[in-house]
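A.B. asks: Pasting upload.pdb below, which is PDB, C-alpha atoms and all ligand atoms.
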```pdb
ATOM      1  CA  MET A 616     152.744  60.581  21.812
ATOM      2  CA  ASN A 617     155.070  63.308  23.037
ATOM      3  CA  LYS A 618     158.343  62.578  24.771
ATOM      4  CA  ASN A 619     157.198  63.539  28.273
ATOM      5  CA  ARG A 620     154.179  61.307  27.920
ATOM      6  CA  GLU A 621     156.357  58.422  26.739
ATOM      7  CA  MET A 622     158.582  58.803  29.766
ATOM      8  CA  GLU A 623     155.667  58.942  32.205
ATOM      9  CA  ASN A 624     155.567  55.929  34.499
ATOM     10  CA  ILE A 625     152.023  54.573  34.249
ATOM     11  CA  TYR A 626     152.412  52.755  37.566
ATOM     12  CA  LEU A 627     153.449  55.836  39.528
ATOM     13  CA  PRO A 628     150.561  57.143  41.623
ATOM     14  CA  ASN A 629     149.852  60.827  42.216
ATOM     15  CA  LEU A 630     149.368  61.825  45.817
ATOM     16  CA  ALA A 631     145.851  62.829  46.833
ATOM     17  CA  ARG A 632     144.639  64.094  50.194
ATOM     18  CA  ILE A 633     141.458  62.825  51.831
ATOM     19  CA  LYS A 634     139.183  65.850  52.264
ATOM     20  CA  ASP A 635     136.232  64.087  53.785
ATOM     21  CA  ILE A 636     135.081  60.617  54.814
ATOM     22  CA  GLN A 637     131.426  59.710  54.933
ATOM     23  CA  SER A 638     130.256  56.622  56.761
ATOM     24  CA  GLU A 639     127.640  54.998  54.502
ATOM     25  CA  THR A 640     126.876  51.699  56.250
ATOM     26  CA  TYR A 641     128.433  49.420  58.866
ATOM     27  CA  ASP A 642     131.115  48.335  56.357
ATOM     28  CA  THR A 643     131.120  51.009  53.649
ATOM     29  CA  ARG A 644     132.640  54.487  53.498
ATOM     30  CA  SER A 645     132.920  57.200  50.897
ATOM     31  CA  PHE A 646     136.154  59.120  50.462
ATOM     32  CA  GLU A 647     136.417  62.566  48.932
ATOM     33  CA  LEU A 648     139.879  63.317  47.573
ATOM     34  CA  GLU A 649     141.840  66.146  46.001
ATOM     35  CA  PHE A 650     145.260  65.963  44.428
ATOM     36  CA  VAL A 651     148.103  67.411  46.481
ATOM     37  CA  ASP A 652     149.782  68.843  43.389
ATOM     38  CA  THR A 653     147.987  72.057  42.351
ATOM     39  CA  GLN A 654     148.629  71.483  38.653
ATOM     40  CA  MET A 655     147.313  67.921  38.883
ATOM     41  CA  LYS A 656     144.252  69.167  40.761
ATOM     42  CA  LYS A 657     143.547  71.701  38.007
ATOM     43  CA  SER A 658     144.078  69.345  35.088
ATOM     44  CA  PHE A 659     142.317  66.213  36.396
ATOM     45  CA  GLN A 660     139.297  65.191  34.337
ATOM     46  CA  PHE A 661     137.259  62.019  34.122
ATOM     47  CA  ARG A 662     134.206  60.597  32.415
ATOM     48  CA  PRO A 663     131.228  59.007  34.219
ATOM     49  CA  GLY A 664     131.877  55.300  34.742
ATOM     50  CA  GLN A 665     135.681  55.486  34.753
ATOM     51  CA  PHE A 666     137.696  54.073  37.642
ATOM     52  CA  ILE A 667     140.861  54.877  39.579
ATOM     53  CA  GLU A 668     143.471  52.715  41.295
ATOM     54  CA  VAL A 669     143.884  53.882  44.888
ATOM     55  CA  SER A 670     146.924  52.880  46.927
ATOM     56  CA  VAL A 671     147.276  52.947  50.663
ATOM     57  CA  LEU A 672     150.970  53.584  51.084
ATOM     58  CA  GLY A 673     152.780  50.453  52.225
ATOM     59  CA  ILE A 674     149.697  48.212  51.916
ATOM     60  CA  GLY A 675     148.647  47.973  48.276
ATOM     61  CA  GLU A 676     146.374  49.176  45.547
ATOM     62  CA  ALA A 677     142.738  48.508  44.590
ATOM     63  CA  PRO A 678     140.384  49.772  41.854
ATOM     64  CA  PHE A 679     137.310  51.893  42.607
ATOM     65  CA  GLY A 680     134.663  53.383  40.343
ATOM     66  CA  LEU A 681     134.564  57.176  40.465
ATOM     67  CA  ALA A 682     131.283  58.214  42.054
ATOM     68  CA  SER A 683     131.208  61.999  41.896
ATOM     69  CA  ASN A 684     130.086  64.515  39.298
ATOM     70  CA  PRO A 685     132.725  64.858  36.533
ATOM     71  CA  ASN A 686     131.576  68.465  36.031
ATOM     72  CA  HIS A 687     133.424  69.240  39.281
ATOM     73  CA  PRO A 688     136.630  67.175  39.055
ATOM     74  CA  GLU A 689     138.715  69.314  41.438
ATOM     75  CA  THR A 690     137.569  66.949  44.178
ATOM     76  CA  PHE A 691     136.405  63.417  43.467
ATOM     77  CA  ARG A 692     134.778  60.638  45.397
ATOM     78  CA  PHE A 693     134.749  56.863  45.541
ATOM     79  CA  THR A 694     132.941  54.457  47.845
ATOM     80  CA  ALA A 695     134.614  51.406  49.356
ATOM     81  CA  ARG A 696     133.284  48.424  51.254
ATOM     82  CA  ALA A 697     135.851  46.948  53.678
ATOM     83  CA  VAL A 698     136.464  43.518  52.160
ATOM     84  CA  GLY A 699     140.229  43.119  51.776
ATOM     85  CA  SER A 700     143.541  44.412  53.102
ATOM     86  CA  VAL A 701     143.536  47.634  51.047
ATOM     87  CA  THR A 702     139.931  48.537  51.846
ATOM     88  CA  HIS A 703     140.387  47.705  55.545
ATOM     89  CA  ALA A 704     143.482  49.938  55.592
ATOM     90  CA  LEU A 705     141.526  52.674  53.779
ATOM     91  CA  HIS A 706     138.855  52.539  56.449
ATOM     92  CA  GLN A 707     141.518  53.290  59.086
ATOM     93  CA  LEU A 708     142.486  56.570  57.385
ATOM     94  CA  LYS A 709     141.345  60.009  58.517
ATOM     95  CA  PRO A 710     140.683  63.281  56.674
ATOM     96  CA  GLY A 711     144.045  64.903  55.911
ATOM     97  CA  ASP A 712     145.756  61.557  55.252
ATOM     98  CA  VAL A 713     147.315  60.991  51.848
ATOM     99  CA  VAL A 714     146.759  58.105  49.392
ATOM    100  CA  GLY A 715     148.126  57.334  45.913
ATOM    101  CA  VAL A 716     145.849  57.617  42.876
ATOM    102  CA  ARG A 717     146.368  56.363  39.308
ATOM    103  CA  GLY A 718     143.904  56.974  36.529
ATOM    104  CA  PRO A 719     141.239  57.652  35.474
ATOM    105  CA  PHE A 720     141.010  54.392  33.534
ATOM    106  CA  GLY A 721     138.381  52.636  31.438
ATOM    107  CA  ASN A 722     135.921  53.716  28.777
ATOM    108  CA  GLY A 723     133.065  55.209  30.827
ATOM    109  CA  PHE A 724     129.333  55.516  30.176
ATOM    110  CA  PRO A 725     127.929  57.038  26.981
ATOM    111  CA  PHE A 726     126.551  60.539  27.594
ATOM    112  CA  ASP A 727     126.126  62.614  24.424
ATOM    113  CA  GLU A 728     124.901  59.528  22.547
ATOM    114  CA  VAL A 729     121.984  59.241  24.972
ATOM    115  CA  LYS A 730     120.752  62.816  24.585
ATOM    116  CA  GLY A 731     117.107  63.022  23.502
ATOM    117  CA  LYS A 732     116.353  59.570  24.938
ATOM    118  CA  ASN A 733     114.665  58.399  28.131
ATOM    119  CA  VAL A 734     117.054  57.113  30.779
ATOM    120  CA  LEU A 735     116.480  54.395  33.321
ATOM    121  CA  PHE A 736     119.006  53.738  36.100
ATOM    122  CA  VAL A 737     118.909  50.484  38.032
ATOM    123  CA  GLY A 738     121.371  50.305  40.922
ATOM    124  CA  GLY A 739     121.988  47.588  43.474
ATOM    125  CA  GLY A 740     123.904  48.002  46.754
ATOM    126  CA  ILE A 741     127.241  49.733  46.199
ATOM    127  CA  GLY A 742     126.584  49.662  42.457
ATOM    128  CA  LEU A 743     124.789  52.973  42.987
ATOM    129  CA  PRO A 744     127.938  55.124  43.526
ATOM    130  CA  PRO A 745     129.404  54.588  40.016
ATOM    131  CA  LEU A 746     125.947  55.314  38.536
ATOM    132  CA  CYS A 747     125.954  58.628  40.440
ATOM    133  CA  SER A 748     128.890  59.786  38.282
ATOM    134  CA  LEU A 749     126.394  59.680  35.388
ATOM    135  CA  ILE A 750     123.143  60.552  37.178
ATOM    136  CA  GLU A 751     124.528  63.852  38.510
ATOM    137  CA  PRO A 752     125.815  65.327  35.206
ATOM    138  CA  MET A 753     122.653  64.095  33.460
ATOM    139  CA  LEU A 754     120.531  65.905  36.063
ATOM    140  CA  ASP A 755     122.708  69.006  35.443
ATOM    141  CA  ALA A 756     121.652  68.696  31.789
ATOM    142  CA  ARG A 757     118.146  67.459  32.605
ATOM    143  CA  LYS A 758     116.483  69.121  29.562
ATOM    144  CA  GLU A 759     118.655  67.093  27.185
ATOM    145  CA  PHE A 760     117.026  63.832  28.254
ATOM    146  CA  GLY A 761     113.485  62.469  28.170
ATOM    147  CA  ASP A 762     111.830  60.551  30.986
ATOM    148  CA  PHE A 763     114.290  60.106  33.870
ATOM    149  CA  GLN A 764     113.941  57.218  36.266
ATOM    150  CA  ILE A 765     116.149  55.869  39.057
ATOM    151  CA  LEU A 766     115.469  52.539  40.770
ATOM    152  CA  TYR A 767     117.628  51.424  43.677
ATOM    153  CA  GLY A 768     117.692  48.248  45.731
ATOM    154  CA  ALA A 769     119.801  46.991  48.629
ATOM    155  CA  ARG A 770     119.811  43.886  50.783
ATOM    156  CA  THR A 771     118.418  45.618  53.884
ATOM    157  CA  SER A 772     117.784  49.236  54.887
ATOM    158  CA  ALA A 773     121.149  49.142  56.718
ATOM    159  CA  ASP A 774     122.835  48.451  53.356
ATOM    160  CA  LEU A 775     121.454  51.539  51.591
ATOM    161  CA  VAL A 776     124.243  53.957  50.662
ATOM    162  CA  TYR A 777     124.045  57.694  49.872
ATOM    163  CA  LYS A 778     121.029  58.069  52.161
ATOM    164  CA  ASP A 779     121.024  61.913  51.924
ATOM    165  CA  ARG A 780     120.873  61.717  48.165
ATOM    166  CA  LEU A 781     118.112  59.073  48.246
ATOM    167  CA  LYS A 782     116.064  61.432  50.403
ATOM    168  CA  GLU A 783     116.622  64.301  47.907
ATOM    169  CA  TRP A 784     115.745  62.092  44.940
ATOM    170  CA  GLY A 785     112.552  61.030  46.674
ATOM    171  CA  LYS A 786     111.424  64.681  46.674
ATOM    172  CA  MET A 787     112.670  65.869  43.286
ATOM    173  CA  SER A 788     110.325  66.601  40.414
ATOM    174  CA  GLU A 789     112.970  66.238  37.649
ATOM    175  CA  ALA A 790     113.119  62.450  37.950
ATOM    176  CA  ARG A 791     111.117  59.538  39.283
ATOM    177  CA  PHE A 792     112.830  57.592  42.046
ATOM    178  CA  MET A 793     111.884  54.311  43.715
ATOM    179  CA  MET A 794     113.771  52.094  46.114
ATOM    180  CA  THR A 795     113.391  48.700  47.699
ATOM    181  CA  VAL A 796     115.127  46.333  50.105
ATOM    182  CA  ASP A 797     115.327  42.550  49.710
ATOM    183  CA  VAL A 798     114.555  41.985  53.381
ATOM    184  CA  GLY A 799     112.396  44.380  55.378
ATOM    185  CA  ASP A 800     112.651  45.273  59.058
ATOM    186  CA  PRO A 801     110.156  46.889  61.479
ATOM    187  CA  ASP A 802     111.434  50.414  60.666
ATOM    188  CA  TRP A 803     111.143  49.974  56.904
ATOM    189  CA  THR A 804     107.847  51.121  55.439
ATOM    190  CA  GLY A 805     108.878  50.988  51.767
ATOM    191  CA  ASN A 806     108.861  48.254  49.169
ATOM    192  CA  VAL A 807     110.276  44.840  50.063
ATOM    193  CA  GLY A 808     111.631  42.554  47.353
ATOM    194  CA  VAL A 809     114.510  42.495  44.880
ATOM    195  CA  VAL A 810     114.796  45.486  42.567
ATOM    196  CA  THR A 811     112.968  43.787  39.690
ATOM    197  CA  THR A 812     109.833  43.562  41.880
ATOM    198  CA  ILE A 813     109.369  47.341  41.514
ATOM    199  CA  PHE A 814     109.610  47.201  37.711
ATOM    200  CA  PRO A 815     105.823  46.775  37.199
ATOM    201  CA  LYS A 816     105.076  49.736  39.517
ATOM    202  CA  ALA A 817     107.690  51.840  37.738
ATOM    203  CA  ASN A 818     105.847  51.680  34.390
ATOM    204  CA  ILE A 819     109.036  51.135  32.441
ATOM    205  CA  VAL A 820     108.836  51.863  28.739
ATOM    206  CA  SER A 821     111.472  50.306  26.513
ATOM    207  CA  LYS A 822     110.824  52.553  23.505
ATOM    208  CA  ASN A 823     113.571  55.174  23.092
ATOM    209  CA  THR A 824     114.960  54.305  26.548
ATOM    210  CA  VAL A 825     118.551  53.504  27.498
ATOM    211  CA  SER A 826     119.035  51.629  30.761
ATOM    212  CA  PHE A 827     122.139  51.814  32.960
ATOM    213  CA  VAL A 828     122.585  48.915  35.352
ATOM    214  CA  CYS A 829     125.198  48.560  38.078
ATOM    215  CA  GLY A 830     125.290  46.229  41.060
ATOM    216  CA  PRO A 831     126.284  42.727  42.119
ATOM    217  CA  PRO A 832     126.571  40.209  39.214
ATOM    218  CA  ILE A 833     123.470  38.238  40.267
ATOM    219  CA  MET A 834     121.367  41.417  40.305
ATOM    220  CA  ILE A 835     122.735  42.516  36.926
ATOM    221  CA  ARG A 836     121.780  39.131  35.482
ATOM    222  CA  PHE A 837     118.153  39.293  36.657
ATOM    223  CA  VAL A 838     117.753  42.962  35.737
ATOM    224  CA  ILE A 839     119.030  42.331  32.197
ATOM    225  CA  LEU A 840     116.636  39.370  31.788
ATOM    226  CA  GLU A 841     113.735  41.537  32.955
ATOM    227  CA  LEU A 842     114.708  44.430  30.684
ATOM    228  CA  LEU A 843     114.928  42.077  27.707
ATOM    229  CA  SER A 844     111.476  40.697  28.504
ATOM    230  CA  ILE A 845     110.095  44.270  28.651
ATOM    231  CA  GLY A 846     111.461  44.768  25.139
ATOM    232  CA  PHE A 847     114.792  46.553  25.581
ATOM    233  CA  ALA A 848     117.203  46.017  22.698
ATOM    234  CA  PRO A 849     120.562  44.561  23.880
ATOM    235  CA  GLU A 850     122.383  47.718  22.737
ATOM    236  CA  ASN A 851     120.179  49.854  25.009
ATOM    237  CA  ILE A 852     121.141  47.940  28.137
ATOM    238  CA  ILE A 853     124.413  49.358  29.464
ATOM    239  CA  SER A 854     126.131  47.768  32.431
ATOM    240  CA  THR A 855     129.519  47.297  34.056
ATOM    241  CA  LEU A 856     131.567  44.124  34.353
ATOM    242  CA  GLU A 857     133.356  43.438  37.572
ATOM    243  CA  ARG A 858     136.832  41.969  37.243
ATOM    244  CA  TYR A 859     139.898  42.098  39.420
ATOM    245  CA  MET A 860     141.708  45.034  37.868
ATOM    246  CA  LYS A 861     145.324  45.240  38.810
ATOM    247  CA  CYS A 862     147.305  47.418  36.416
ATOM    248  CA  GLY A 863     144.305  49.238  34.928
ATOM    249  CA  VAL A 864     146.150  49.830  31.674
ATOM    250  CA  GLY A 865     145.975  46.580  29.691
ATOM    251  CA  LYS A 866     149.392  45.207  30.744
ATOM    252  CA  CYS A 867     148.890  42.521  33.405
ATOM    253  CA  GLY A 868     146.094  40.502  31.788
ATOM    254  CA  HIS A 869     144.195  40.036  35.079
ATOM    255  CA  CYS A 870     140.965  41.470  33.729
ATOM    256  CA  ALA A 871     140.908  39.673  30.363
ATOM    257  CA  ILE A 872     137.675  38.083  29.151
ATOM    258  CA  GLY A 873     138.509  36.430  25.845
ATOM    259  CA  HIS A 874     140.077  39.095  23.671
ATOM    260  CA  LYS A 875     138.707  42.006  25.724
ATOM    261  CA  TYR A 876     140.301  43.761  28.683
ATOM    262  CA  VAL A 877     137.748  45.046  31.186
ATOM    263  CA  CYS A 878     140.182  47.821  32.227
ATOM    264  CA  LEU A 879     140.571  49.149  28.681
ATOM    265  CA  ASP A 880     137.477  48.032  26.725
ATOM    266  CA  GLY A 881     135.220  48.406  29.801
ATOM    267  CA  PRO A 882     134.269  48.397  32.585
ATOM    268  CA  VAL A 883     131.172  49.679  30.758
ATOM    269  CA  PHE A 884     129.692  47.366  28.112
ATOM    270  CA  SER A 885     126.337  47.208  26.385
ATOM    271  CA  TYR A 886     124.563  43.891  26.709
ATOM    272  CA  LYS A 887     125.020  43.541  22.941
ATOM    273  CA  GLU A 888     128.803  43.614  23.502
ATOM    274  CA  MET A 889     128.545  41.289  26.503
ATOM    275  CA  MET A 890     126.739  38.698  24.376
ATOM    276  CA  LYS A 891     129.881  38.375  22.222
ATOM    277  CA  LEU A 892     132.140  37.608  25.207
ATOM    278  CA  PRO A 893     133.087  33.975  25.908
ATOM    279  CA  GLU A 894     131.843  34.260  29.511
ATOM    280  CA  LYS A 895     128.083  34.546  29.599
ATOM    281  CA  VAL A 896     126.634  37.300  31.790
ATOM    282  CA  VAL A 897     123.019  36.201  31.288
TER     283      VAL A 897
HETATM  284  S1  LIG B 901     143.889  45.185  34.857
HETATM  285 FE1  LIG B 901     145.779  44.644  33.972
HETATM  286  S2  LIG B 901     145.195  44.144  31.954
HETATM  287 FE2  LIG B 901     143.368  44.936  32.816
END
```
Would it be possible to restate this file's structure as C-alpha cells?
Ligand code: FES

C.D. replies:
Amino acid sequence: MNKNREMENIYLPNLARIKDIQSETYDTRSFELEFVDTQMKKSFQFRPGQFIEVSVLGIGEAPFGLASNPNHPETFRFTARAVGSVTHALHQLKPGDVVGVRGPFGNGFPFDEVKGKNVLFVGGGIGLPPLCSLIEPMLDARKEFGDFQILYGARTSADLVYKDRLKEWGKMSEARFMMTVDVGDPDWTGNVGVVTTIFPKANIVSKNTVSFVCGPPIMIRFVILELLSIGFAPENIISTLERYMKCGVGKCGHCAIGHKYVCLDGPVFSYKEMMKLPEKVV
C-alpha cells in the first residue's frame, strides 16, 4: 500500500452532485450522481453488485446498491425507498444538491466467470435496481452469454420500479422478460401471483444456467427453494444478503454473520456460500 493510500481517511466522503432524480413509486426515488471533483469523476469505477455509502450532510449515512451500468461510471445511480431519517432527507433533495459518497464497497457479482452460460435474473421490488448493474453490462456483451431471462415481481403495480426499462425489456428480442404482481388491480392485465408463480411459464432450464436473485429476504428464500427444486446447483444460485452496513469496510462489525462480513465478503454470495453461514437463509 503506498503512503498516500495509507493516509487516506476511509470514512471521509467525496462530494457528489445530484444530476437527476426519478420518481419511481409513491415512496421510492432514483438518484443519478456525479462526483464534484473532476479527477474523482474520471477515476471512479465499480463492479456490478457493489454498494456505496451515501451521506446527507448533517443527517447521516446509509448504504445503497449501485444500480447503473458500470461501463459508464462517470455518472452513477442508486434507488432509495424512504424508510428512515437518511432516506427521508434524501427524498427532500433536488437536482444540483450535493451529497457525500464513500465506496464502492463489497465484492460484486461474477461477470467473466458466467460467460458462455445461460443467465436468469429474478428480481423482487427494489431488488431490481442492483440487478440492473449486472443486466445492463451483460446486455452490452449479449453475445457472450447464452439464454437470457429476466423475471420481475412486485407487491402491486404501484410498486414496480424502473417502469421505462420494463417497457423496453418487454419489447426486446435479446432477452426474455416476464413480470408479475402479488396483488392485481383493475388496471393490471398481466400475471398475478408471487414471482415463483411465473417460473413454470418461463420454461427455466437449470443446465448451464446461473441465476441472480435480489429482493426482500422472504422472496429470496422462496426463489432459492424453487430453483433448487428445478435442479440448480447451490453454486449457480447467486444472491445478495441484506445487513445493516455502517462502515462498509470491515471495521464496525455491524454486518457480521459468523466469521463473514457482508460489507467485505458480500453483499453477493452464492447459495453454496450461504449454506455455510450460521444464519440460515433457506
Ligand atoms: S459494515 Fe462495518 S464491518 Fe461491515

A.B. asks: Tell me which protein, DNA and RNA residues are within 9 Å of Ile835 in chain A, counting all atoms listed in the file, leaving out same-chain ones fewer than 2 positions away, and put them as number ranges by chain.

C.D. replies: A: 737-739, 828-833, 837-840, 854-855, 896-897

A.B. asks: Spell out the residues picked by the PyMOL selection byres (((chain A and resi 765-768) around 6) and not hetatm) here, as a short mmCIF file (atom, residue, chain, number, x, y, z; two decimals) with C-alpha atoms, keeping the file's coordinate frame.

C.D. replies:
```cif
data_model
loop_
_atom_site.label_atom_id
_atom_site.label_comp_id
_atom_site.auth_asym_id
_atom_site.auth_seq_id
_atom_site.Cartn_x
_atom_site.Cartn_y
_atom_site.Cartn_z
CA LEU A 735 116.48 54.40 33.32
CA PHE A 736 119.01 53.74 36.10
CA VAL A 737 118.91 50.48 38.03
CA GLY A 738 121.37 50.30 40.92
CA GLY A 739 121.99 47.59 43.47
CA GLN A 764 113.94 57.22 36.27
CA ALA A 769 119.80 46.99 48.63
CA PHE A 792 112.83 57.59 42.05
CA MET A 793 111.88 54.31 43.72
CA MET A 794 113.77 52.09 46.11
CA THR A 795 113.39 48.70 47.70
CA VAL A 796 115.13 46.33 50.10
CA VAL A 810 114.80 45.49 42.57
#
```

A.B. asks: Taking only C-alpha atoms and all ligand atoms into account, which of A:Phe760, A:Phe693, A:Tyr641, A:Phe666 comes nearest ligand LIG 901 (chain B)?

C.D. replies: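 Closest candidate: A:Phe666.
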
A.B. asks: Any idea what the distance is between CA of Thr643 in chain A and CA of Leu775 in chain A?

C.D. replies: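 These atoms are spaced 9.9 Å apart.
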
A.B. asks: Could you check which of A:Asn806, A:Ser683, A:Asn629, A:Gln654 is closest to Ser670 in chain A, using all atoms listed in the file?

C.D. replies: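 Closest to Ser670 in chain A of all the choices is A:Asn629.
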
A.B. asks: Could you give me, as a Markdown table, every chain A residue with an atom at most 10 Å from ligand LIG 901 (chain B), plus its closest atom pair and distance in Å to one decimal, counting all atoms listed in the file, rows ordered by chain then number?

C.D. replies:
```
| residue | atom | partner | partner_atom | distance |
| --- | --- | --- | --- | --- |
| A:Glu668 | CA | B:LIG901 | S1 | 9.9 |
| A:Pro678 | CA | B:LIG901 | S1 | 9.1 |
| A:Phe720 | CA | B:LIG901 | S1 | 9.7 |
| A:Gly721 | CA | B:LIG901 | FE2 | 9.3 |
| A:Arg858 | CA | B:LIG901 | S1 | 8.1 |
| A:Tyr859 | CA | B:LIG901 | S1 | 6.8 |
| A:Met860 | CA | B:LIG901 | S1 | 3.7 |
| A:Lys861 | CA | B:LIG901 | S1 | 4.2 |
| A:Cys862 | CA | B:LIG901 | FE1 | 4.0 |
| A:Gly863 | CA | B:LIG901 | S1 | 4.1 |
| A:Val864 | CA | B:LIG901 | FE1 | 5.7 |
| A:Gly865 | CA | B:LIG901 | S2 | 3.4 |
| A:Lys866 | CA | B:LIG901 | S2 | 4.5 |
| A:Cys867 | CA | B:LIG901 | FE1 | 3.8 |
| A:Gly868 | CA | B:LIG901 | S2 | 3.8 |
| A:His869 | CA | B:LIG901 | FE1 | 5.0 |
| A:Cys870 | CA | B:LIG901 | FE2 | 4.3 |
| A:Ala871 | CA | B:LIG901 | FE2 | 6.3 |
| A:Ile872 | CA | B:LIG901 | FE2 | 9.6 |
| A:Lys875 | CA | B:LIG901 | FE2 | 9.0 |
| A:Tyr876 | CA | B:LIG901 | FE2 | 5.3 |
| A:Val877 | CA | B:LIG901 | FE2 | 5.9 |
| A:Cys878 | CA | B:LIG901 | FE2 | 4.3 |
| A:Leu879 | CA | B:LIG901 | FE2 | 6.5 |
| A:Asp880 | CA | B:LIG901 | FE2 | 9.0 |
| A:Gly881 | CA | B:LIG901 | FE2 | 9.4 |
| A:Pro882 | CA | B:LIG901 | FE2 | 9.7 |
```

A.B. asks: What would the selection look like, as a ChimeraX atom specification, if the PyMOL selection byres (((chain A and resi 679) around 10) and not hetatm) were run on the coordinates I just shared?

C.D. replies: /A:665-669,676-678,680-682,692-695,719,744-745,860

A.B. asks: Report the residues retrieved by the PyMOL selection byres (((chain A and resi 714) around 9) and not hetatm) from the displayed file, expressed as a list of chain:residue names.

C.D. replies: A:Pro628, A:Asn629, A:Leu630, A:Ala631, A:Arg632, A:Ile633, A:Leu648, A:Val669, A:Ser670, A:Val671, A:Leu672, A:Leu705, A:Asp712, A:Val713, A:Gly715, A:Val716

A.B. asks: Rounded to one decimal place, report the CA of Ile625 in chain A-CA of Arg717 in chain A distance in Å.

C.D. replies: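 So the two atoms, CA of Ile625 in chain A and CA of Arg717 in chain A, lie 7.8 Å apart.
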
A.B. asks: Within 8 Å of (135.2, 64.8, 53.4), in the coordinates the file gives, what residues turn up when you count only C-alpha atoms, written out as a PDB file with C-alpha atoms, in the coordinates of the input?

C.D. replies:
```pdb
ATOM      1  CA  ILE A 633     141.458  62.825  51.831  1.00  0.00           C
ATOM      2  CA  LYS A 634     139.183  65.850  52.264  1.00  0.00           C
ATOM      3  CA  ASP A 635     136.232  64.087  53.785  1.00  0.00           C
ATOM      4  CA  ILE A 636     135.081  60.617  54.814  1.00  0.00           C
ATOM      5  CA  GLN A 637     131.426  59.710  54.933  1.00  0.00           C
ATOM      6  CA  PHE A 646     136.154  59.120  50.462  1.00  0.00           C
ATOM      7  CA  GLU A 647     136.417  62.566  48.932  1.00  0.00           C
ATOM      8  CA  LEU A 648     139.879  63.317  47.573  1.00  0.00           C
ATOM      9  CA  PRO A 710     140.683  63.281  56.674  1.00  0.00           C
TER      10      PRO A 710
END
```

A.B. asks: Reconstruct all heavy atoms of range 629-634 of chain A from the incomplete input and present them as a PDB file, in the coordinates of the input.

C.D. replies:
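As a result, out_6.pdb now contains:
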```pdb
ATOM      1  N   ASN A 629     149.795  59.427  41.786  1.00  0.00           N
ATOM      2  CA  ASN A 629     149.852  60.827  42.216  1.00  0.00           C
ATOM      3  C   ASN A 629     149.271  60.898  43.626  1.00  0.00           C
ATOM      4  O   ASN A 629     148.300  60.199  43.931  1.00  0.00           O
ATOM      5  CB  ASN A 629     149.006  61.700  41.286  1.00  0.00           C
ATOM      6  CG  ASN A 629     149.700  61.909  39.964  1.00  0.00           C
ATOM      7  OD1 ASN A 629     150.709  62.602  39.885  1.00  0.00           O
ATOM      8  ND2 ASN A 629     149.182  61.285  38.916  1.00  0.00           N
ATOM      9  N   LEU A 630     149.858  61.745  44.438  1.00  0.00           N
ATOM     10  CA  LEU A 630     149.368  61.825  45.817  1.00  0.00           C
ATOM     11  C   LEU A 630     148.074  62.642  45.881  1.00  0.00           C
ATOM     12  O   LEU A 630     147.958  63.691  45.249  1.00  0.00           O
ATOM     13  CB  LEU A 630     150.420  62.466  46.724  1.00  0.00           C
ATOM     14  CG  LEU A 630     151.712  61.661  46.887  1.00  0.00           C
ATOM     15  CD1 LEU A 630     152.673  62.376  47.816  1.00  0.00           C
ATOM     16  CD2 LEU A 630     151.417  60.250  47.414  1.00  0.00           C
ATOM     17  N   ALA A 631     147.118  62.113  46.650  1.00  0.00           N
ATOM     18  CA  ALA A 631     145.851  62.829  46.833  1.00  0.00           C
ATOM     19  C   ALA A 631     145.510  62.828  48.318  1.00  0.00           C
ATOM     20  O   ALA A 631     145.753  61.838  49.021  1.00  0.00           O
ATOM     21  CB  ALA A 631     144.737  62.158  46.038  1.00  0.00           C
ATOM     22  N   ARG A 632     144.969  63.965  48.772  1.00  0.00           N
ATOM     23  CA  ARG A 632     144.639  64.094  50.194  1.00  0.00           C
ATOM     24  C   ARG A 632     143.154  63.794  50.407  1.00  0.00           C
ATOM     25  O   ARG A 632     142.315  64.174  49.585  1.00  0.00           O
ATOM     26  CB  ARG A 632     144.968  65.517  50.649  1.00  0.00           C
ATOM     27  CG  ARG A 632     144.740  65.745  52.140  1.00  0.00           C
ATOM     28  CD  ARG A 632     145.462  66.966  52.647  1.00  0.00           C
ATOM     29  NE  ARG A 632     146.909  66.734  52.717  1.00  0.00           N
ATOM     30  CZ  ARG A 632     147.820  67.407  52.033  1.00  0.00           C
ATOM     31  NH1 ARG A 632     147.465  68.362  51.224  1.00  0.00           N
ATOM     32  NH2 ARG A 632     149.101  67.130  52.152  1.00  0.00           N
ATOM     33  N   ILE A 633     142.865  63.103  51.494  1.00  0.00           N
ATOM     34  CA  ILE A 633     141.458  62.825  51.831  1.00  0.00           C
ATOM     35  C   ILE A 633     140.853  64.085  52.434  1.00  0.00           C
ATOM     36  O   ILE A 633     141.330  64.575  53.460  1.00  0.00           O
ATOM     37  CB  ILE A 633     141.348  61.655  52.833  1.00  0.00           C
ATOM     38  CG1 ILE A 633     141.968  60.386  52.231  1.00  0.00           C
ATOM     39  CG2 ILE A 633     139.888  61.430  53.231  1.00  0.00           C
ATOM     40  CD1 ILE A 633     142.017  59.214  53.194  1.00  0.00           C
ATOM     41  N   LYS A 634     139.834  64.634  51.768  1.00  0.00           N
ATOM     42  CA  LYS A 634     139.183  65.850  52.264  1.00  0.00           C
ATOM     43  C   LYS A 634     138.078  65.516  53.248  1.00  0.00           C
ATOM     44  O   LYS A 634     137.841  66.217  54.199  1.00  0.00           O
ATOM     45  CB  LYS A 634     138.546  66.611  51.077  1.00  0.00           C
ATOM     46  CG  LYS A 634     139.502  67.541  50.375  1.00  0.00           C
ATOM     47  CD  LYS A 634     138.738  68.516  49.508  1.00  0.00           C
ATOM     48  CE  LYS A 634     138.164  69.662  50.351  1.00  0.00           C
ATOM     49  NZ  LYS A 634     137.377  70.603  49.556  1.00  0.00           N
TER      50      LYS A 634
END
```
